[in-house]
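Reproduced below: final_17.txt, with compact mmCIF, C-alpha atoms.
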# COMPACT_ATOMS: atom_id res chain seq x y z
CA MET A 1 -192.42 90.22 197.82
CA ALA A 2 -189.13 88.37 198.05
CA PRO A 3 -186.87 88.49 195.01
CA VAL A 4 -186.75 85.36 192.96
CA ASP A 5 -183.26 83.84 192.77
CA PHE A 6 -182.64 84.44 189.11
CA GLU A 7 -183.43 88.15 189.51
CA LYS A 8 -180.21 88.85 191.35
CA GLU A 9 -178.18 87.27 188.57
CA LEU A 10 -180.23 89.06 185.99
CA GLN A 11 -179.73 92.36 187.80
CA ASP A 12 -175.95 91.99 187.86
CA ARG A 13 -175.89 91.00 184.22
CA LEU A 14 -178.17 93.76 183.01
CA ARG A 15 -176.60 96.50 185.08
CA SER A 16 -173.16 95.69 183.73
CA ARG A 17 -174.42 95.73 180.19
CA GLU A 18 -173.18 98.52 177.92
CA VAL A 19 -174.29 99.77 174.52
CA GLN A 20 -172.03 102.16 172.63
CA PRO A 21 -173.88 105.25 171.54
CA ARG A 22 -173.50 106.67 168.06
CA GLU A 23 -170.59 108.93 167.21
CA ASP A 24 -172.65 112.09 166.94
CA SER A 25 -174.38 111.68 170.31
CA TRP A 26 -171.84 113.83 172.13
CA ASP A 27 -172.00 116.46 169.39
CA ARG A 28 -175.74 116.69 169.91
CA ILE A 29 -175.29 117.03 173.66
CA GLU A 30 -172.57 119.64 173.19
CA ALA A 31 -174.70 121.63 170.76
CA ARG A 32 -177.52 121.72 173.29
CA LEU A 33 -175.18 122.59 176.12
CA GLU A 34 -173.64 125.35 174.03
CA THR A 35 -177.01 127.02 173.60
CA GLU A 36 -177.97 126.57 177.26
CA PHE A 37 -174.62 127.00 179.03
CA PRO A 38 -171.71 128.39 176.99
CA ALA A 39 -168.47 126.55 177.72
CA ARG A 40 -166.06 128.07 180.22
CA LYS A 41 -162.47 127.08 179.75
CA PRO A 42 -160.29 127.09 182.89
CA GLY A 43 -157.70 129.47 181.44
CA SER A 44 -160.15 131.87 179.85
CA ARG A 45 -160.44 134.05 182.98
CA LYS A 46 -156.66 134.43 183.15
CA TRP A 47 -156.52 135.49 179.51
CA LYS A 48 -159.32 137.97 180.07
CA PHE A 49 -157.40 139.58 182.93
CA LEU A 50 -154.28 139.70 180.80
CA ALA A 51 -156.15 141.32 177.91
CA ALA A 52 -157.71 143.88 180.27
CA ALA A 53 -154.28 144.70 181.72
CA CYS A 54 -152.89 145.21 178.20
CA VAL A 55 -155.76 147.53 177.29
CA VAL A 56 -155.24 149.58 180.45
CA PHE A 57 -151.49 149.79 179.82
CA LEU A 58 -151.98 150.92 176.21
CA LEU A 59 -154.58 153.50 177.25
CA GLY A 60 -152.25 154.88 179.89
CA TYR A 61 -149.37 154.99 177.42
CA PHE A 62 -151.38 156.92 174.81
CA LEU A 63 -152.71 159.34 177.40
CA LEU A 64 -149.18 160.07 178.57
CA GLN A 65 -148.09 160.55 174.98
CA GLU A 66 -150.88 163.06 174.40
CA ALA A 67 -149.99 164.93 177.58
CA ALA A 68 -146.37 165.13 176.46
CA VAL A 69 -147.37 166.51 173.07
CA GLU A 70 -149.61 169.19 174.63
CA VAL A 71 -146.64 170.77 176.46
CA SER A 72 -144.79 172.69 173.73
CA PRO A 73 -141.05 173.34 174.12
CA THR A 74 -141.57 177.12 174.48
CA ASP A 75 -143.66 176.56 177.62
CA VAL A 76 -140.93 174.71 179.43
CA VAL A 77 -139.52 176.94 182.12
CA VAL A 78 -136.14 175.91 183.41
CA GLU A 79 -135.59 177.11 186.90
CA SER A 80 -131.85 177.36 187.04
CA PRO A 81 -130.14 178.63 190.15
CA ASP A 82 -128.74 181.50 188.06
CA SER A 83 -132.18 182.97 187.53
CA VAL A 84 -132.69 183.57 191.24
CA VAL A 85 -129.89 185.56 192.70
CA PRO A 86 -129.36 186.54 196.33
CA GLU A 87 -131.11 189.63 197.49
CA ALA A 88 -127.93 191.49 198.32
CA GLN A 89 -126.88 191.60 194.67
CA ASN A 90 -130.06 193.34 193.60
CA VAL A 91 -130.69 195.71 196.43
CA PRO A 92 -129.47 199.19 195.54
CA GLU A 93 -126.58 200.65 197.45
CA SER A 94 -128.79 203.10 199.26
CA THR A 95 -130.87 200.38 200.88
CA ARG A 96 -128.12 197.93 201.85
CA ASP A 97 -127.96 199.41 205.30
CA SER A 98 -131.27 197.84 206.17
CA ASP A 99 -129.74 194.33 205.95
CA SER A 100 -130.02 194.05 209.69
CA ALA A 101 -133.56 192.78 209.23
CA PRO A 102 -134.13 189.23 210.50
CA SER A 103 -133.31 186.40 208.15
CA ASP A 104 -136.89 185.09 208.09
CA SER A 105 -138.20 188.36 206.73
CA PRO A 106 -139.92 188.10 203.36
CA GLN A 107 -137.47 187.79 200.51
CA PRO A 108 -139.03 188.47 197.16
CA LEU A 109 -137.86 186.47 194.19
CA VAL A 110 -136.08 188.68 191.75
CA VAL A 111 -135.31 187.58 188.26
CA THR A 112 -132.38 188.92 186.32
CA ASP A 113 -131.49 188.21 182.73
CA ALA A 114 -128.10 186.80 183.69
CA GLY A 115 -128.98 183.16 183.04
CA SER A 116 -131.01 183.37 179.89
CA GLN A 117 -129.79 184.47 176.53
CA ASN A 118 -133.02 183.96 174.62
CA PRO A 119 -135.28 187.01 174.92
CA MET A 120 -138.36 184.79 174.80
CA ASP A 121 -137.11 182.74 177.74
CA ARG A 122 -136.32 185.89 179.63
CA ASN A 123 -139.84 187.14 179.05
CA ILE A 124 -141.37 183.92 180.30
CA GLU A 125 -139.16 183.86 183.35
CA THR A 126 -140.02 187.44 184.20
CA ASP A 127 -143.72 186.67 183.90
CA ARG A 128 -143.29 183.62 186.06
CA ALA A 129 -141.41 185.54 188.74
CA VAL A 130 -144.09 188.22 188.83
CA THR A 131 -146.82 185.59 189.01
CA ARG A 132 -145.05 183.93 191.91
CA GLU A 133 -144.71 187.24 193.69
CA LYS A 134 -148.43 187.79 193.40
CA ASN A 135 -149.69 184.28 194.06
CA GLU A 136 -147.34 182.71 196.56
CA PRO A 137 -148.38 183.32 200.14
CA LEU A 138 -145.55 185.22 201.79
CA PRO A 139 -144.30 183.98 205.13
CA GLN A 140 -145.75 185.90 208.05
CA PRO A 141 -143.25 188.39 209.48
CA ASP A 142 -142.16 188.22 213.08
CA LEU A 143 -144.08 191.02 214.78
CA THR A 144 -142.54 190.80 218.20
CA ASP A 145 -141.17 193.93 219.79
CA ARG A 146 -137.59 192.83 219.20
CA ALA A 147 -138.15 192.27 215.54
CA LEU A 148 -140.22 195.38 215.10
CA ALA A 149 -137.61 197.54 216.74
CA GLY A 150 -135.12 197.25 213.93
CA PHE A 151 -137.43 196.30 211.16
CA THR A 152 -138.02 198.67 208.40
CA PRO A 153 -139.88 197.22 205.48
CA ASP A 154 -137.91 198.54 202.65
CA ILE A 155 -138.53 196.40 199.61
CA GLN A 156 -136.76 197.62 196.56
CA ASP A 157 -137.37 195.61 193.46
CA ASP A 158 -136.12 196.37 190.03
CA LEU A 159 -139.22 194.93 188.54
CA LYS A 160 -142.16 195.87 190.69
CA ILE A 161 -145.51 196.11 188.98
CA PRO A 162 -148.47 197.64 190.78
CA ASP A 163 -151.42 195.32 191.43
CA GLY A 164 -153.75 197.09 189.06
CA GLU A 165 -151.35 197.01 186.17
CA TRP A 166 -150.47 193.34 186.28
CA VAL A 167 -151.94 191.26 183.49
CA ALA A 168 -151.90 187.48 183.43
CA PRO A 169 -149.80 186.06 180.63
CA ASP A 170 -151.86 185.05 177.66
CA SER A 171 -151.04 181.60 176.42
CA ASN A 172 -152.06 182.50 172.88
CA LEU A 173 -149.87 185.58 172.89
CA GLU A 174 -146.81 183.68 171.79
CA ASP A 175 -148.63 182.29 168.84
CA ALA A 176 -149.83 185.73 167.78
CA LEU A 177 -146.47 187.53 168.09
CA ASP A 178 -143.55 186.98 165.88
CA ASP A 179 -139.93 187.49 166.86
CA ALA A 180 -139.71 191.07 165.68
CA GLU A 181 -142.72 192.11 167.76
CA VAL A 182 -141.34 190.32 170.77
CA GLU A 183 -138.05 192.11 170.37
CA ALA A 184 -139.81 195.46 170.10
CA LEU A 185 -141.85 194.80 173.23
CA LEU A 186 -138.80 193.72 175.15
CA SER A 187 -136.78 196.76 174.18
CA GLU A 188 -139.70 198.98 175.17
CA ALA A 189 -139.90 197.29 178.53
CA ARG A 190 -136.14 197.64 179.01
CA VAL A 191 -136.31 201.39 178.36
CA LEU A 192 -139.19 201.67 180.80
CA VAL A 193 -137.22 199.86 183.49
CA GLU A 194 -134.07 201.92 182.88
CA ASN A 195 -135.98 205.18 183.18
CA ASN A 196 -137.45 203.89 186.39
CA SER A 197 -140.81 205.03 185.17
CA VAL A 198 -142.49 202.05 186.76
CA PRO A 199 -144.00 203.42 189.92
CA THR A 200 -142.46 201.89 193.01
CA ASP A 201 -144.02 201.68 196.34
CA THR A 202 -141.48 203.17 198.73
CA THR A 203 -143.78 203.78 201.61
CA SER A 204 -141.95 203.14 204.85
CA LEU A 205 -143.59 202.05 208.04
CA ASN A 206 -142.43 202.81 211.56
CA PRO A 207 -144.23 200.50 213.96
CA ALA A 208 -142.98 202.37 217.03
CA ALA A 209 -144.45 205.60 215.73
CA LEU A 210 -147.68 203.84 214.89
CA LEU A 211 -147.88 202.38 218.39
CA GLY A 212 -147.21 205.72 219.96
CA GLU A 213 -149.90 207.30 217.86
CA VAL A 214 -152.42 204.62 218.86
CA GLU A 215 -151.45 204.95 222.52
CA SER A 216 -151.88 208.69 222.45
CA GLU A 217 -155.29 208.29 220.86
CA LEU A 218 -156.27 205.80 223.56
CA ASP A 219 -154.95 208.12 226.30
CA GLN A 220 -156.90 210.99 224.89
CA THR A 221 -160.11 209.01 224.86
CA PHE A 222 -159.59 207.76 228.40
CA ARG A 223 -158.77 211.24 229.68
CA ASP A 224 -161.86 212.66 228.03
CA GLN A 225 -164.06 210.03 229.60
CA ILE A 226 -162.67 210.74 233.13
CA LEU A 227 -163.09 214.44 232.74
CA LYS A 228 -166.63 213.95 231.49
CA LYS A 229 -167.44 211.81 234.54
CA LEU A 230 -165.87 214.31 236.92
CA LYS A 231 -167.80 217.10 235.31
CA THR A 232 -171.07 215.24 235.66
CA GLY A 233 -170.32 214.37 239.30
CA PHE A 234 -169.30 217.91 240.12
CA SER A 235 -172.50 219.36 238.66
CA LYS A 236 -174.58 216.86 240.65
CA VAL A 237 -172.75 217.76 243.90
CA ARG A 238 -173.11 221.46 243.23
CA THR A 239 -176.85 221.08 242.57
CA ALA A 240 -177.28 219.05 245.76
CA VAL A 241 -175.37 221.60 247.84
CA ALA A 242 -177.43 224.43 246.39
CA ASP A 243 -180.68 222.61 247.11
CA ARG A 244 -179.59 221.93 250.67
CA SER A 245 -178.54 225.50 251.35
CA GLU A 246 -181.89 226.76 250.08
CA MET B 1 -155.50 99.29 196.57
CA LYS B 2 -157.21 101.60 199.06
CA VAL B 3 -155.01 104.53 197.95
CA LYS B 4 -155.86 103.81 194.33
CA ILE B 5 -159.59 103.90 195.06
CA ILE B 6 -159.24 107.16 197.02
CA SER B 7 -157.27 108.79 194.20
CA LEU B 8 -159.88 107.61 191.69
CA LEU B 9 -162.65 109.09 193.80
CA GLN B 10 -160.77 112.36 194.17
CA HIS B 11 -160.23 112.45 190.41
CA GLU B 12 -163.95 111.86 189.90
CA LYS B 13 -164.80 114.61 192.37
CA SER B 14 -162.55 117.15 190.65
CA LEU B 15 -163.97 116.02 187.32
CA ILE B 16 -167.51 116.58 188.56
CA LEU B 17 -166.64 119.98 190.01
CA LYS B 18 -165.03 121.10 186.75
CA ALA B 19 -167.96 119.80 184.72
CA ALA B 20 -170.35 121.64 187.04
CA GLU B 21 -168.47 124.86 186.21
CA GLY B 22 -169.12 124.21 182.52
CA HIS B 23 -165.73 122.78 181.59
CA ARG B 24 -166.51 120.99 178.35
CA GLU B 25 -163.61 118.52 178.46
CA SER B 26 -164.69 117.26 181.87
CA GLN B 27 -168.27 116.94 180.71
CA LYS B 28 -167.08 114.89 177.76
CA GLU B 29 -165.07 112.64 180.07
CA ILE B 30 -168.13 112.01 182.22
CA TYR B 31 -170.18 111.28 179.11
CA ASP B 32 -167.58 108.85 177.76
CA ARG B 33 -167.47 107.05 181.08
CA TYR B 34 -171.19 106.62 181.68
CA ALA B 35 -172.92 106.88 178.29
CA PRO B 36 -172.68 103.16 177.30
CA GLY B 37 -174.26 101.99 180.56
CA MET B 38 -176.92 104.67 180.39
CA LEU B 39 -177.84 103.80 176.82
CA ALA B 40 -178.27 100.17 177.87
CA LEU B 41 -180.50 101.40 180.69
CA THR B 42 -182.74 103.51 178.47
CA GLN B 43 -182.98 100.66 175.98
CA ARG B 44 -184.40 98.42 178.69
CA TYR B 45 -187.34 100.82 178.98
CA ILE B 46 -187.62 101.97 175.37
CA LYS B 47 -187.36 99.27 172.72
CA ASP B 48 -186.70 101.66 169.85
CA ALA B 49 -182.93 102.24 169.80
CA HIS B 50 -183.22 105.75 168.32
CA PHE B 51 -185.75 106.89 170.90
CA ALA B 52 -183.63 105.29 173.62
CA GLU B 53 -180.62 107.29 172.45
CA ASP B 54 -182.64 110.50 172.28
CA VAL B 55 -183.74 109.89 175.84
CA MET B 56 -180.14 109.27 176.89
CA ILE B 57 -179.06 112.56 175.29
CA ASP B 58 -181.87 114.42 177.05
CA GLY B 59 -180.84 112.70 180.26
CA PHE B 60 -177.20 113.81 179.93
CA VAL B 61 -178.24 117.41 179.24
CA LYS B 62 -180.28 117.26 182.46
CA VAL B 63 -177.33 115.69 184.29
CA PHE B 64 -175.01 118.55 183.29
CA ARG B 65 -177.69 121.12 184.06
CA ALA B 66 -178.25 119.67 187.54
CA LEU B 67 -174.57 118.96 188.24
CA PRO B 68 -174.03 122.01 190.50
CA GLU B 69 -176.74 120.57 192.78
CA PHE B 70 -174.94 117.22 193.24
CA ARG B 71 -173.84 117.04 196.91
CA PHE B 72 -171.53 113.99 196.80
CA GLN B 73 -173.75 112.20 199.31
CA GLY B 74 -174.13 109.01 197.28
CA SER B 75 -172.93 107.23 194.19
CA PHE B 76 -172.53 109.56 191.23
CA GLU B 77 -173.43 106.75 188.87
CA GLY B 78 -176.57 106.01 190.89
CA TRP B 79 -177.51 109.71 190.66
CA ILE B 80 -177.12 109.63 186.86
CA ARG B 81 -179.09 106.38 186.64
CA ARG B 82 -182.01 107.87 188.52
CA ILE B 83 -182.08 110.87 186.17
CA MET B 84 -182.02 108.52 183.17
CA VAL B 85 -184.81 106.33 184.56
CA ARG B 86 -186.98 109.37 185.23
CA GLU B 87 -186.27 110.65 181.73
CA ALA B 88 -187.21 107.29 180.20
CA ILE B 89 -190.43 107.12 182.18
CA ASP B 90 -191.30 110.69 181.17
CA PHE B 91 -190.81 109.63 177.58
CA LEU B 92 -193.08 106.60 178.02
CA ARG B 93 -195.69 108.69 179.79
CA LYS B 94 -195.89 111.01 176.80
CA ARG B 95 -196.64 108.00 174.60
CA PRO B 96 -199.64 106.20 176.04
CA PHE B 97 -198.86 102.72 174.79
CA VAL B 98 -198.08 101.28 178.19
CA VAL B 99 -201.08 99.34 179.51
CA TYR B 100 -201.06 98.15 183.10
CA ASP B 101 -202.96 94.96 183.83
CA GLU B 102 -205.09 95.68 186.88
CA THR B 103 -206.18 92.07 187.55
CA LYS B 104 -205.34 90.79 191.01
CA MET B 105 -202.36 88.51 191.61
CA GLU B 106 -203.12 84.96 192.71
CA ALA B 107 -200.45 83.40 194.96
CA PRO B 108 -196.88 84.41 195.77
CA ILE B 109 -194.15 82.86 193.67
CA THR B 110 -191.81 80.78 195.81
CA GLU B 111 -190.12 78.64 193.25
CA SER B 112 -186.36 78.70 193.25
CA TYR B 113 -184.51 78.82 189.97
CA THR B 114 -180.86 79.50 189.16
CA PRO B 115 -180.16 79.72 185.44
CA ASP B 116 -176.80 79.11 183.80
CA PRO B 117 -175.14 81.92 181.77
CA TYR B 118 -176.57 80.64 178.54
CA GLN B 119 -180.04 80.66 180.06
CA LEU B 120 -179.43 84.18 181.45
CA GLU B 121 -178.99 85.49 177.96
CA ALA B 122 -182.23 83.80 177.01
CA LEU B 123 -183.81 85.33 180.11
CA GLU B 124 -182.78 88.83 178.98
CA LYS B 125 -184.60 88.23 175.76
CA LEU B 126 -187.63 86.98 177.67
CA VAL B 127 -187.65 90.16 179.78
CA GLU B 128 -187.43 92.28 176.66
CA ALA B 129 -190.36 90.34 175.25
CA LEU B 130 -192.59 91.08 178.26
CA PRO B 131 -195.57 93.44 177.78
CA ASP B 132 -194.58 97.10 178.41
CA GLY B 133 -196.39 97.43 181.73
CA TYR B 134 -194.90 94.21 183.14
CA ARG B 135 -191.46 94.96 181.79
CA LEU B 136 -191.44 98.49 183.20
CA VAL B 137 -192.34 97.48 186.74
CA PHE B 138 -190.13 94.40 186.62
CA THR B 139 -187.13 96.41 185.44
CA LEU B 140 -187.66 99.13 188.00
CA TYR B 141 -188.09 96.67 190.83
CA ALA B 142 -185.77 93.80 189.96
CA ILE B 143 -183.01 95.58 188.04
CA GLU B 144 -182.95 99.16 189.34
CA GLY B 145 -183.93 98.30 192.92
CA TYR B 146 -186.84 100.72 193.35
CA LYS B 147 -189.48 100.04 196.04
CA HIS B 148 -193.15 99.66 195.14
CA ALA B 149 -193.96 103.01 196.70
CA GLU B 150 -191.33 104.72 194.54
CA ILE B 151 -192.53 102.89 191.44
CA ALA B 152 -196.09 103.95 192.19
CA THR B 153 -195.01 107.58 192.43
CA LEU B 154 -192.84 107.40 189.34
CA LEU B 155 -195.45 105.75 187.14
CA ASP B 156 -198.39 107.53 188.74
CA ILE B 157 -200.08 104.22 189.62
CA SER B 158 -201.16 102.66 192.88
CA GLU B 159 -198.77 100.54 194.92
CA SER B 160 -200.99 97.47 194.53
CA THR B 161 -200.91 97.89 190.75
CA SER B 162 -197.13 97.92 190.91
CA LYS B 163 -197.16 94.69 192.95
CA THR B 164 -199.60 93.03 190.55
CA GLN B 165 -197.48 93.97 187.55
CA LEU B 166 -194.40 92.50 189.16
CA TYR B 167 -196.18 89.32 190.14
CA LYS B 168 -197.49 88.77 186.63
CA ALA B 169 -194.13 89.55 185.05
CA ARG B 170 -192.43 86.98 187.26
CA LYS B 171 -195.09 84.39 186.61
CA GLN B 172 -194.82 84.84 182.87
CA LEU B 173 -191.05 84.67 182.98
CA GLN B 174 -191.07 81.46 185.03
CA LYS B 175 -193.60 79.89 182.75
CA GLN B 176 -191.50 80.71 179.71
CA ILE B 177 -188.33 79.49 181.37
CA LYS B 178 -190.04 76.24 182.30
CA GLU B 179 -191.30 75.82 178.80
CA SER B 180 -187.90 76.52 177.30
CA SER B 181 -186.15 74.10 179.70
CA THR B 182 -188.64 71.19 179.19
CA PRO B 183 -187.06 68.61 176.87
CA ARG B 184 -189.02 67.92 173.78
CA TYR B 185 -188.83 64.51 172.26
CA GLY B 186 -189.42 63.59 168.68
CA THR B 187 -190.32 65.79 165.76
CA ARG B 188 -193.50 67.09 164.40
Could you quickly redo this structure as structure tokens?
Amino acid sequence: MAPVDFEKELQDRLRSREVQPREDSWDRIEARLETEFPARKPGSRKWKFLAAACVVFLLGYFLLQEAAVEVSPTDVVVESPDSVVPEAQNVPESTRDSDSAPSDSPQPLVVTDAGSQNPMDRNIETDRAVTREKNEPLPQPDLTDRALAGFTPDIQDDLKIPDGEWVAPDSNLEDALDDAEVEALLSEARVLVENNSVPTDTTSLNPAALLGEVESELDQTFRDQILKKLKTGFSKVRTAVADRSE
Amino acid sequence: MKVKIISLLQHEKSLILKAAEGHRESQKEIYDRYAPGMLALTQRYIKDAHFAEDVMIDGFVKVFRALPEFRFQGSFEGWIRRIMVREAIDFLRKRPFVVYDETKMEAPITESYTPDPYQLEALEKLVEALPDGYRLVFTLYAIEGYKHAEIATLLDISESTSKTQLYKARKQLQKQIKESSTPRYGTR
């Protein structure tokens, strides 16, 4: 069905026709869109990221603050170079001759009260030094023949506590003790150290002697085995000869 | 000129993409641009201005809902128009006052007629005055450019019914135009 001429004109005219909707039409559309699809503003995502970053930053800041508060000033241990002195200064005169030991031999940390004036600090540092002595893995000694030849383990510490007697420091102890008690304990410990009543382990080891002992034991065993074999063989031969002669 | 058109198209594309993401300002811009034409369209199908506006609002909600599916393969305005037409027809279908005349058409209309602008305005009024069934098929075919097969599917009628409706609408329009253009002498 071919279009009638006037239809084309009518089409153009009607298609270009416009009617202004009422003012509230968009509000009605927006209200319906709001319920179905909430509006997303282009910058809203950026602001969300910014807000999240702020929250994370504040959380981190408060956590750090709490961590800083938890560490009380009495727990702070200052490791000054004065607290660890060279071994030679602490080794008694009688044992200084054994300084010919190799330089990589184990050197225990020894704490003196030279650097700290506060008795509480001194106590903490002593505890810490003892803890380090117990817990830190000591470097393995050089057990070659050359090293063993002149090596004599002769560790002399002023403050050496046997394994069984060592007690871990109680964190609540400082709260429970007042200054007078601390002083009393310290003076008691000082007297104990001066009297040298703390048992020291002065056992000396001679690797050469040990090796010789082991070698002699091995020789003895080997010799016994040979003799036993010879004895068995001899008895067999003797029996065979006797049987043959009969 | 060409650059201006390209920039306009690019602006429209970015506008559509933003509106599809739910950007309210872009949606409002699209509404402001196309709402007057779409209201005129719905009013051609639905005589009641309030119902026509309700249909337009429903149509725009559907447009924004379906916007992420728009593939930029044709005219954006044409895509909106089709949604509006479908919405208007759905509205009419829910109200069964459209009666299609099933009587057969007689002979094809071959008369040529070119009206002047004044007569075109009168013609618009004549179209609006057509019975609903005639007007619907005439508007879909002659104004919106749908084929009979598409009209049949849209209105859930047969293709021959669509052709009959168009034929009768044209015949009635021509008759009325002829009557209105015939000079009348004297007074009653």
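We find CA of Glu18 (chain A) and CA of Phe37 (chain A) to be spaced 28.5 Å apart.
Straight-line separation from CA of Leu205 (chain A) to CA of Thr221 (chain A): 24.6 Å.
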*From the list B:Ala35, B:Ile151, B:Ala142, B:Met56, which residue is nearest Arg13 (chain A) when using only C-alpha atoms?*
B:Ala142
*Tell me the residues of chain B close to chain A, meaning within 6 Å using only C-alpha atoms, as a PyMOL selection string.*
chain B and resi 22-24+36-37+39-40+113-114+143
*Mind listing whatever residues come within 9 Å of the point (-167.3, 110.6, 192.1)? Use only C-alpha atoms, file coordinates, and give them as a list in words.*
Leu8, Leu9, Gln10, His11, Glu12, Lys13, Ser14, Leu15, Ile16, Phe72, Gly74, Ser75, Phe76 and Glu77 of chain B
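Counting from CA of Ile57 (chain B), the distance to CA of Glu128 (chain B) is 22.0 Å.
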Residue contacts of Lys147 (chain B) (10 Å, only C-alpha atoms) excluding same-chain residues fewer than 6 positions away, as an mmCIF file with C-alpha atoms, in the frame of the given file:
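Contents of part_26.cif, as written:
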data_model
loop_
_atom_site.group_PDB
_atom_site.id
_atom_site.type_symbol
_atom_site.label_atom_id
_atom_site.label_comp_id
_atom_site.auth_asym_id
_atom_site.auth_seq_id
_atom_site.Cartn_x
_atom_site.Cartn_y
_atom_site.Cartn_z
ATOM 1 C CA LEU B 140 -187.660 99.130 188.000
ATOM 2 C CA TYR B 141 -188.090 96.670 190.830
ATOM 3 C CA GLU B 159 -198.770 100.540 194.920
ATOM 4 C CA SER B 162 -197.130 97.920 190.910
ATOM 5 C CA LYS B 163 -197.160 94.690 192.950
#
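Compared by their closest atoms to Glu87 (chain B), and using all atoms listed in the file, the residues B:Arg71, B:Ile46, B:Ala122, B:Ile30 rank with B:Ile46 nearest.
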Could you tell me, as a CSV table (one decimal) with C-alpha atoms, keeping the file's coordinate frame, which residues have any atom at most 6 Å from (-183.4, 101.8, 175.3), counting all atoms listed in the file?
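Result file is selection18.csv:
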chain,number,residue,atom,x,y,z
B,40,ALA,CA,-178.3,100.2,177.9
B,42,THR,CA,-182.7,103.5,178.5
B,43,GLN,CA,-183.0,100.7,176.0
B,44,ARG,CA,-184.4,98.4,178.7
B,45,TYR,CA,-187.3,100.8,179.0
B,46,ILE,CA,-187.6,102.0,175.4
B,47,LYS,CA,-187.4,99.3,172.7
B,49,ALA,CA,-182.9,102.2,169.8
B,52,ALA,CA,-183.6,105.3,173.6
